[in-house]
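Colleague: Dropping in target_13.cif, with mmCIF, C-alpha atoms and all ligand atoms.
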```cif
data_run
#
loop_
_atom_site.label_atom_id
_atom_site.label_comp_id
_atom_site.auth_asym_id
_atom_site.auth_seq_id
_atom_site.Cartn_x
_atom_site.Cartn_y
_atom_site.Cartn_z
CA MET G 1 -7.57 -16.92 1.76
CA ARG G 2 -5.09 -14.61 0.04
CA LYS G 3 -6.79 -11.45 -1.21
CA ASN G 4 -6.00 -9.76 -4.49
CA ILE G 5 -6.07 -5.99 -4.13
CA VAL G 6 -5.80 -2.98 -6.39
CA ALA G 7 -5.13 0.08 -4.24
CA GLY G 8 -4.83 3.66 -5.42
CA ASN G 9 -2.55 6.16 -3.73
CA TRP G 10 -3.58 9.67 -4.68
CA LYS G 11 -0.58 11.15 -2.85
CA MET G 12 -0.83 14.96 -2.53
CA ASN G 13 -3.26 15.42 -5.41
CA LYS G 14 -6.88 16.60 -5.71
CA THR G 15 -8.74 19.28 -3.82
CA LEU G 16 -11.70 18.05 -1.79
CA GLN G 17 -14.08 18.81 -4.68
CA GLU G 18 -11.85 17.11 -7.24
CA GLY G 19 -11.42 14.09 -4.99
CA VAL G 20 -15.16 13.74 -4.46
CA ALA G 21 -15.65 13.94 -8.23
CA LEU G 22 -13.05 11.22 -8.84
CA ALA G 23 -14.47 8.93 -6.15
CA THR G 24 -17.98 9.47 -7.54
CA GLU G 25 -16.86 8.63 -11.06
CA LEU G 26 -15.08 5.49 -9.89
CA LYS G 27 -18.08 4.41 -7.85
CA GLU G 28 -20.30 4.77 -10.91
CA LYS G 29 -17.89 2.83 -13.10
CA LEU G 30 -17.80 -0.02 -10.61
CA SER G 31 -21.49 0.02 -9.72
CA ASN G 32 -22.37 -2.88 -12.01
CA ALA G 33 -19.05 -4.63 -11.78
CA THR G 34 -17.93 -7.50 -9.61
CA PRO G 35 -14.19 -6.97 -9.51
CA ASN G 36 -11.99 -10.01 -9.00
CA CYS G 37 -10.04 -8.09 -6.40
CA GLU G 38 -10.60 -5.79 -3.49
CA VAL G 39 -10.50 -2.13 -4.53
CA ILE G 40 -9.07 0.53 -2.24
CA ILE G 41 -8.42 4.21 -2.75
CA GLY G 42 -5.84 5.96 -0.61
CA THR G 43 -6.65 9.64 -0.21
CA PRO G 44 -5.27 12.64 1.66
CA PHE G 45 -6.65 13.05 5.19
CA ILE G 46 -9.02 15.85 4.23
CA HIS G 47 -10.94 13.58 1.83
CA LEU G 48 -11.33 10.59 4.11
CA ALA G 49 -14.61 11.32 5.88
CA THR G 50 -16.47 12.57 2.81
CA VAL G 51 -15.18 9.88 0.50
CA SER G 52 -15.79 7.08 3.05
CA GLU G 53 -19.42 8.23 3.39
CA LEU G 54 -19.78 8.48 -0.38
CA LEU G 55 -18.43 4.95 -0.90
CA LYS G 56 -20.13 3.21 1.99
CA ASP G 57 -22.51 1.25 -0.27
CA SER G 58 -19.91 0.49 -2.90
CA VAL G 59 -17.21 -2.16 -3.29
CA ILE G 60 -14.51 0.48 -2.85
CA LYS G 61 -12.71 0.76 0.48
CA VAL G 62 -10.77 3.76 1.71
CA ALA G 63 -7.21 4.13 3.01
CA ALA G 64 -5.33 7.00 4.61
CA GLU G 65 -1.83 7.66 3.28
CA ASN G 66 -0.27 8.08 6.71
CA CYS G 67 -1.03 8.39 10.41
CA ALA G 68 0.80 9.77 13.44
CA ASP G 69 3.31 7.83 15.50
CA LYS G 70 1.66 9.07 18.70
CA GLU G 71 -1.67 8.13 20.23
CA SER G 72 -3.03 11.66 20.86
CA GLY G 73 -2.19 15.00 22.41
CA ALA G 74 -0.04 18.03 21.73
CA TYR G 75 1.29 17.16 18.24
CA THR G 76 0.16 20.09 16.14
CA GLY G 77 -0.75 19.18 12.60
CA GLU G 78 -0.72 15.41 13.12
CA VAL G 79 -3.60 12.99 12.49
CA SER G 80 -3.88 9.95 14.73
CA ALA G 81 -4.83 6.40 13.82
CA ALA G 82 -7.99 6.78 15.94
CA MET G 83 -8.96 9.87 13.95
CA VAL G 84 -8.38 8.05 10.67
CA LYS G 85 -10.50 5.14 11.88
CA SER G 86 -13.31 7.50 12.89
CA THR G 87 -13.66 8.69 9.27
CA GLY G 88 -14.68 5.22 8.09
CA ALA G 89 -11.34 4.40 6.49
CA GLN G 90 -10.28 0.77 6.86
CA TYR G 91 -6.67 0.84 5.68
CA CYS G 92 -3.62 3.02 6.22
CA ILE G 93 -0.65 3.19 3.85
CA LEU G 94 2.53 3.32 5.95
CA GLY G 95 6.21 3.38 5.14
CA HIS G 96 5.84 4.80 1.66
CA SER G 97 9.27 5.66 0.25
CA GLU G 98 8.23 9.30 -0.13
CA ARG G 99 7.54 9.49 3.60
CA ARG G 100 10.78 7.70 4.40
CA ALA G 101 12.80 9.99 2.12
CA TYR G 102 11.15 13.42 2.53
CA TYR G 103 9.76 13.18 6.07
CA HIS G 104 12.56 11.10 7.58
CA GLU G 105 10.38 8.26 8.77
CA THR G 106 12.72 5.77 10.38
CA PHE G 107 12.21 2.09 11.14
CA ASP G 108 11.39 3.04 14.75
CA ILE G 109 8.83 5.68 13.81
CA LEU G 110 7.19 3.27 11.38
CA ARG G 111 7.09 0.53 14.01
CA GLU G 112 5.06 2.90 16.21
CA LYS G 113 2.74 3.89 13.37
CA VAL G 114 2.06 0.26 12.45
CA LYS G 115 1.36 -0.61 16.07
CA LEU G 116 -1.08 2.29 16.48
CA ALA G 117 -2.84 1.59 13.19
CA LEU G 118 -3.41 -2.03 14.22
CA ALA G 119 -4.50 -1.00 17.72
CA HIS G 120 -7.19 1.14 16.11
CA ASP G 121 -8.36 -1.58 13.78
CA LEU G 122 -6.82 -0.14 10.62
CA LYS G 123 -5.06 -2.50 8.24
CA PRO G 124 -1.60 -1.17 7.37
CA ILE G 125 -0.49 -1.34 3.75
CA PHE G 126 3.19 -1.41 4.60
CA CYS G 127 5.54 -0.32 1.82
CA ILE G 128 9.10 -1.49 1.29
CA GLY G 129 11.53 -1.23 -1.60
CA GLU G 130 15.03 -0.32 -2.65
CA VAL G 131 16.43 2.76 -4.37
CA LYS G 132 18.19 2.62 -7.74
CA GLU G 133 21.74 2.42 -6.35
CA GLU G 134 20.75 -0.47 -4.13
CA ARG G 135 19.22 -2.36 -7.06
CA GLU G 136 22.32 -1.68 -9.15
CA ALA G 137 24.46 -3.09 -6.34
CA ASN G 138 22.10 -6.10 -6.16
CA LYS G 139 21.22 -5.23 -2.57
CA GLN G 140 17.42 -5.23 -2.96
CA ASN G 141 16.92 -8.39 -0.89
CA GLU G 142 18.85 -7.14 2.10
CA VAL G 143 17.10 -3.75 1.91
CA VAL G 144 13.58 -5.17 2.04
CA LYS G 145 14.60 -7.66 4.73
CA ALA G 146 15.92 -4.85 6.94
CA GLN G 147 12.74 -2.81 6.34
CA LEU G 148 10.55 -5.73 7.41
CA GLU G 149 12.72 -6.60 10.40
CA GLY G 150 12.92 -2.95 11.43
CA SER G 151 9.22 -2.18 11.50
CA VAL G 152 6.86 -5.16 11.25
CA PHE G 153 8.58 -8.43 12.21
CA ASN G 154 8.19 -7.43 15.87
CA LEU G 155 4.43 -8.05 15.54
CA SER G 156 2.66 -11.14 16.79
CA ALA G 157 1.46 -13.58 14.13
CA GLU G 158 -2.11 -12.45 14.70
CA GLU G 159 -1.18 -8.80 14.25
CA PHE G 160 0.93 -9.52 11.19
CA SER G 161 -1.93 -11.33 9.49
CA ASN G 162 -3.73 -7.95 9.27
CA ILE G 163 -0.94 -6.39 7.25
CA VAL G 164 -0.78 -5.97 3.49
CA LEU G 165 2.72 -5.56 2.06
CA GLY G 166 3.55 -3.29 -0.86
CA TYR G 167 6.81 -3.82 -2.72
CA GLU G 168 7.63 -0.56 -4.42
CA PRO G 169 11.08 -0.23 -5.99
CA VAL G 170 11.79 3.47 -5.57
CA TRP G 171 13.41 3.67 -9.03
CA ALA G 172 10.08 2.65 -10.56
CA ILE G 173 7.86 5.16 -8.74
CA GLY G 174 6.58 7.90 -11.02
CA THR G 175 9.42 7.28 -13.46
CA GLY G 176 7.67 5.22 -16.10
CA LEU G 177 10.26 2.50 -15.42
CA THR G 178 8.48 -0.61 -14.21
CA ALA G 179 10.13 -3.63 -12.69
CA THR G 180 9.75 -6.45 -15.19
CA PRO G 181 7.25 -9.12 -14.16
CA GLU G 182 10.27 -11.43 -13.62
CA GLN G 183 12.08 -8.93 -11.37
CA ALA G 184 8.92 -8.28 -9.38
CA GLN G 185 8.00 -11.96 -9.05
CA GLU G 186 11.51 -12.82 -7.90
CA ILE G 187 11.53 -10.34 -5.04
CA HIS G 188 7.89 -10.95 -4.11
CA ALA G 189 8.74 -14.64 -3.73
CA TYR G 190 11.74 -13.69 -1.61
CA ILE G 191 9.54 -11.45 0.59
CA ARG G 192 6.99 -14.23 1.01
CA GLY G 193 9.83 -16.54 1.99
CA LEU G 194 10.91 -14.10 4.70
CA VAL G 195 7.34 -13.99 6.03
CA ALA G 196 7.26 -17.81 6.01
CA GLU G 197 10.53 -18.01 7.97
CA LYS G 198 9.22 -15.58 10.54
CA TYR G 199 5.52 -16.50 10.82
CA GLY G 200 5.17 -19.86 9.11
CA LYS G 201 3.92 -21.09 5.79
CA GLN G 202 0.21 -20.45 6.25
CA ILE G 203 0.53 -16.78 7.19
CA ALA G 204 2.94 -16.30 4.29
CA GLU G 205 0.52 -17.97 1.89
CA ASP G 206 -2.29 -15.71 3.10
CA CYS G 207 -0.23 -12.50 2.95
CA THR G 208 -1.16 -10.09 0.16
CA ILE G 209 1.92 -8.56 -1.47
CA LEU G 210 1.24 -5.69 -3.88
CA TYR G 211 3.55 -4.33 -6.54
CA GLY G 212 3.86 -0.55 -6.96
CA GLY G 213 5.87 1.60 -9.33
CA SER G 214 4.59 2.83 -12.70
CA CYS G 215 1.95 0.12 -12.75
CA ASN G 216 -0.61 0.96 -15.43
CA ALA G 217 -3.35 -0.48 -17.60
CA LYS G 218 -0.78 -1.82 -20.09
CA ASN G 219 1.57 -3.66 -17.73
CA ALA G 220 -0.80 -4.66 -14.91
CA ALA G 221 -1.98 -7.97 -16.36
CA GLY G 222 1.59 -9.15 -16.95
CA LEU G 223 2.54 -8.33 -13.38
CA PHE G 224 -0.61 -9.74 -11.76
CA ALA G 225 -0.23 -13.04 -13.65
CA ASN G 226 2.64 -14.02 -11.35
CA PRO G 227 1.99 -16.29 -8.39
CA ASP G 228 3.45 -13.96 -5.75
CA ILE G 229 2.11 -10.65 -7.10
CA ASP G 230 -1.31 -10.16 -5.54
CA GLY G 231 -2.18 -6.81 -7.02
CA GLY G 232 -0.94 -3.27 -7.31
CA LEU G 233 -0.37 -0.05 -5.46
CA ILE G 234 -1.12 2.59 -8.04
CA GLY G 235 -0.01 6.21 -7.98
CA GLY G 236 -0.39 8.25 -11.16
CA ALA G 237 -2.81 5.88 -12.85
CA SER G 238 -5.19 6.02 -9.87
CA LEU G 239 -5.93 9.69 -10.57
CA LYS G 240 -8.06 8.92 -13.61
CA ALA G 241 -11.09 6.69 -13.13
CA ASP G 242 -10.74 5.01 -16.55
CA ASP G 243 -7.08 4.14 -16.04
CA PHE G 244 -7.67 2.84 -12.53
CA LYS G 245 -10.67 0.78 -13.66
CA ALA G 246 -8.57 -0.74 -16.45
CA ILE G 247 -6.03 -1.92 -13.85
CA ILE G 248 -8.82 -3.44 -11.75
CA ASP G 249 -10.04 -5.17 -14.90
CA ALA G 250 -6.58 -6.71 -15.36
CA PHE G 251 -7.68 -9.25 -12.72
P1 LIG F 301 3.29 5.55 -9.57
O1 LIG F 301 2.23 4.52 -9.94
O2 LIG F 301 2.90 6.94 -9.93
O3 LIG F 301 4.64 5.15 -10.07
O4 LIG F 301 3.38 5.53 -7.96
C1 LIG F 301 3.47 4.34 -7.30
C2 LIG F 301 3.32 4.57 -5.86
O5 LIG F 301 4.16 5.20 -5.22
C3 LIG F 301 2.11 4.04 -5.19
O6 LIG F 301 2.20 4.12 -3.81
#
```
Would you mind writing the file out in structure tokens?
Ligand code: 13P
Modeller:
Amino acid sequence: MRKNIVAGNWKMNKTLQEGVALATELKEKLSNATPNCEVIIGTPFIHLATVSELLKDSVIKVAAENCADKESGAYTGEVSAAMVKSTGAQYCILGHSERRAYYHETFDILREKVKLALAHDLKPIFCIGEVKEEREANKQNEVVKAQLEGSVFNLSAEEFSNIVLGYEPVWAIGTGLTATPEQAQEIHAYIRGLVAEKYGKQIAEDCTILYGGSCNAKNAAGLFANPDIDGGLIGGASLKADDFKAIIDAF
């Protein structure tokens, strides 16, 4: 039941034309492949409709990188979960550490976003992870526990079973420093244990937990070989079709 997933997160990169070119290249590279995992690309809002249409006959699914914490109305510049859904996207990355740090997304805001994404039939890829100082103080477990309790453990079991978790240690994002497979496995197992305590063993067993943070073609296989690491959330290496494909091939 548990799905392996390799998901790209383009972040704030690529113009519309560049994004279409990258999605086209990736589609071609995967056209004769049967990946042993689900493949998702997370793109900026402006790419979603075009890229979803382009990929509709391919194995690649599309994610937004964010959505609003309000249903609709006078919120200039925001993009709602319903709008994201209407583009053809199926997933929505939420709680990324960059959004928490630079756009002040709190546990409460994220709880609203998760609720709205689910209400509009989008699957949240919910990110958690500690900063360097917290890891150095050996506080990573309590940090991820608080993040889960603050924004997703309020969900019903049925709602929670539509969530993908992404463990992304902030000190590993874009730094070239990767958590070792042992470090990642240890905390993934801890996270799965928290899900089991809250929702029971079966939902925990079925929950996909991705690792993110300088995951690349060289280290992906070592990470994915662990029993509680069900794939990757890929930033920099998702911006080149060959690199991203090599990570998919690690499965
Ligand atoms: P990098 O792969 O560039 O470290 O980014 C990881 C990430 O933040 C994915 O969401």
Colleague: Applying 12 Å and all atoms listed in the file, which residues near Leu239 of chain G remain after dropping the ones on its own chain fewer than 6 positions away? List them as a PyMOL selection string.
Modeller: chain G and resi 7-14+18-23+25-26+41-43+216+245
Colleague: Output C-alpha atoms for every residue in that selection, as a PDB file, in the frame of the given file.
Modeller:
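Generated file (selection_24.pdb):
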```pdb
ATOM      1  CA  ALA G   7      -5.130   0.080  -4.240  1.00  0.00           C
ATOM      2  CA  GLY G   8      -4.830   3.660  -5.420  1.00  0.00           C
ATOM      3  CA  ASN G   9      -2.550   6.160  -3.730  1.00  0.00           C
ATOM      4  CA  TRP G  10      -3.580   9.670  -4.680  1.00  0.00           C
ATOM      5  CA  LYS G  11      -0.580  11.150  -2.850  1.00  0.00           C
ATOM      6  CA  MET G  12      -0.830  14.960  -2.530  1.00  0.00           C
ATOM      7  CA  ASN G  13      -3.260  15.420  -5.410  1.00  0.00           C
ATOM      8  CA  LYS G  14      -6.880  16.600  -5.710  1.00  0.00           C
ATOM      9  CA  GLU G  18     -11.850  17.110  -7.240  1.00  0.00           C
ATOM     10  CA  GLY G  19     -11.420  14.090  -4.990  1.00  0.00           C
ATOM     11  CA  VAL G  20     -15.160  13.740  -4.460  1.00  0.00           C
ATOM     12  CA  ALA G  21     -15.650  13.940  -8.230  1.00  0.00           C
ATOM     13  CA  LEU G  22     -13.050  11.220  -8.840  1.00  0.00           C
ATOM     14  CA  ALA G  23     -14.470   8.930  -6.150  1.00  0.00           C
ATOM     15  CA  GLU G  25     -16.860   8.630 -11.060  1.00  0.00           C
ATOM     16  CA  LEU G  26     -15.080   5.490  -9.890  1.00  0.00           C
ATOM     17  CA  ILE G  41      -8.420   4.210  -2.750  1.00  0.00           C
ATOM     18  CA  GLY G  42      -5.840   5.960  -0.610  1.00  0.00           C
ATOM     19  CA  THR G  43      -6.650   9.640  -0.210  1.00  0.00           C
ATOM     20  CA  ASN G 216      -0.610   0.960 -15.430  1.00  0.00           C
ATOM     21  CA  LYS G 245     -10.670   0.780 -13.660  1.00  0.00           C
TER      22      LYS G 245
END
```
Colleague: Find the residues around Ser156 of chain G up to 12 Å (all atoms listed in the file counted), leave out those fewer than 2 positions away in its own chain, and share them as a list in words.
Modeller: Lys115, Leu118, Val152, Phe153, Asn154, Glu158, Glu159, Phe160, Ser161, Asn162, Ile163, Lys198, Tyr199, Gly200 and Ile203 of chain G
Colleague: Excluding same-chain residues fewer than 3 positions from segment 247-249 of chain G, what lies within 8 Å of it counting all atoms listed in the file, as a count of residues only?
Modeller: 11
Colleague: List all protein, DNA and RNA residues that have at least one atom no more than 10 Å from any atom of ligand LIG 301 (chain F), counting all atoms listed in the file, and write them as a ChimeraX atom specification.
Modeller: /G:7-11,42,65,93-98,125,127,166-178,210-216,232-239
Colleague: Counting only C-alpha atoms, I want the residues whose atoms come within 6 Å of (6.1, -8.8, -14.4) in the file frame, returned as a list in words.
Modeller: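 The distance filter leaves exactly Thr180, Pro181, Glu182, Ala184, Gly222 and Leu223 of chain G.
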Colleague: Please, could N, CA and C atoms be added to segment 216-232 of chain G and the result written as a JSON list (two decimals), keeping the file's coordinate frame?
Modeller:
```json
[["chain", "number", "residue", "atom", "x", "y", "z"],
["G", 216, "ASN", "N", 0.44, 0.31, -14.65],
["G", 216, "ASN", "CA", -0.61, 0.96, -15.43],
["G", 216, "ASN", "C", -1.45, -0.08, -16.16],
["G", 217, "ALA", "N", -2.41, 0.42, -16.93],
["G", 217, "ALA", "CA", -3.35, -0.48, -17.60],
["G", 217, "ALA", "C", -2.62, -1.43, -18.56],
["G", 218, "LYS", "N", -1.50, -0.99, -19.10],
["G", 218, "LYS", "CA", -0.78, -1.82, -20.09],
["G", 218, "LYS", "C", 0.04, -2.94, -19.44],
["G", 219, "ASN", "N", 0.67, -2.64, -18.30],
["G", 219, "ASN", "CA", 1.57, -3.66, -17.73],
["G", 219, "ASN", "C", 0.95, -4.45, -16.57],
["G", 220, "ALA", "N", -0.24, -4.04, -16.12],
["G", 220, "ALA", "CA", -0.80, -4.66, -14.91],
["G", 220, "ALA", "C", -1.04, -6.16, -15.09],
["G", 221, "ALA", "N", -1.63, -6.55, -16.20],
["G", 221, "ALA", "CA", -1.98, -7.97, -16.36],
["G", 221, "ALA", "C", -0.74, -8.85, -16.32],
["G", 222, "GLY", "N", 0.35, -8.38, -16.94],
["G", 222, "GLY", "CA", 1.59, -9.15, -16.95],
["G", 222, "GLY", "C", 2.18, -9.30, -15.55],
["G", 223, "LEU", "N", 2.04, -8.26, -14.76],
["G", 223, "LEU", "CA", 2.54, -8.33, -13.38],
["G", 223, "LEU", "C", 1.65, -9.24, -12.53],
["G", 224, "PHE", "N", 0.34, -9.03, -12.63],
["G", 224, "PHE", "CA", -0.61, -9.74, -11.76],
["G", 224, "PHE", "C", -0.68, -11.24, -12.08],
["G", 225, "ALA", "N", -0.17, -11.63, -13.26],
["G", 225, "ALA", "CA", -0.23, -13.04, -13.65],
["G", 225, "ALA", "C", 0.74, -13.90, -12.84],
["G", 226, "ASN", "N", 1.63, -13.26, -12.09],
["G", 226, "ASN", "CA", 2.64, -14.02, -11.35],
["G", 226, "ASN", "C", 2.12, -14.51, -10.00],
["G", 227, "PRO", "N", 2.58, -15.68, -9.58],
["G", 227, "PRO", "CA", 1.99, -16.29, -8.39],
["G", 227, "PRO", "C", 2.17, -15.50, -7.09],
["G", 228, "ASP", "N", 3.23, -14.69, -7.01],
["G", 228, "ASP", "CA", 3.45, -13.96, -5.75],
["G", 228, "ASP", "C", 3.11, -12.48, -5.84],
["G", 229, "ILE", "N", 2.52, -12.06, -6.95],
["G", 229, "ILE", "CA", 2.11, -10.65, -7.10],
["G", 229, "ILE", "C", 0.58, -10.61, -6.99],
["G", 230, "ASP", "N", 0.12, -10.05, -5.87],
["G", 230, "ASP", "CA", -1.31, -10.16, -5.54],
["G", 230, "ASP", "C", -2.07, -8.87, -5.81],
["G", 231, "GLY", "N", -1.50, -8.03, -6.67],
["G", 231, "GLY", "CA", -2.18, -6.81, -7.02],
["G", 231, "GLY", "C", -1.22, -5.64, -7.08],
["G", 232, "GLY", "N", -1.79, -4.44, -7.09],
["G", 232, "GLY", "CA", -0.94, -3.27, -7.31],
["G", 232, "GLY", "C", -1.26, -2.12, -6.39]]
```
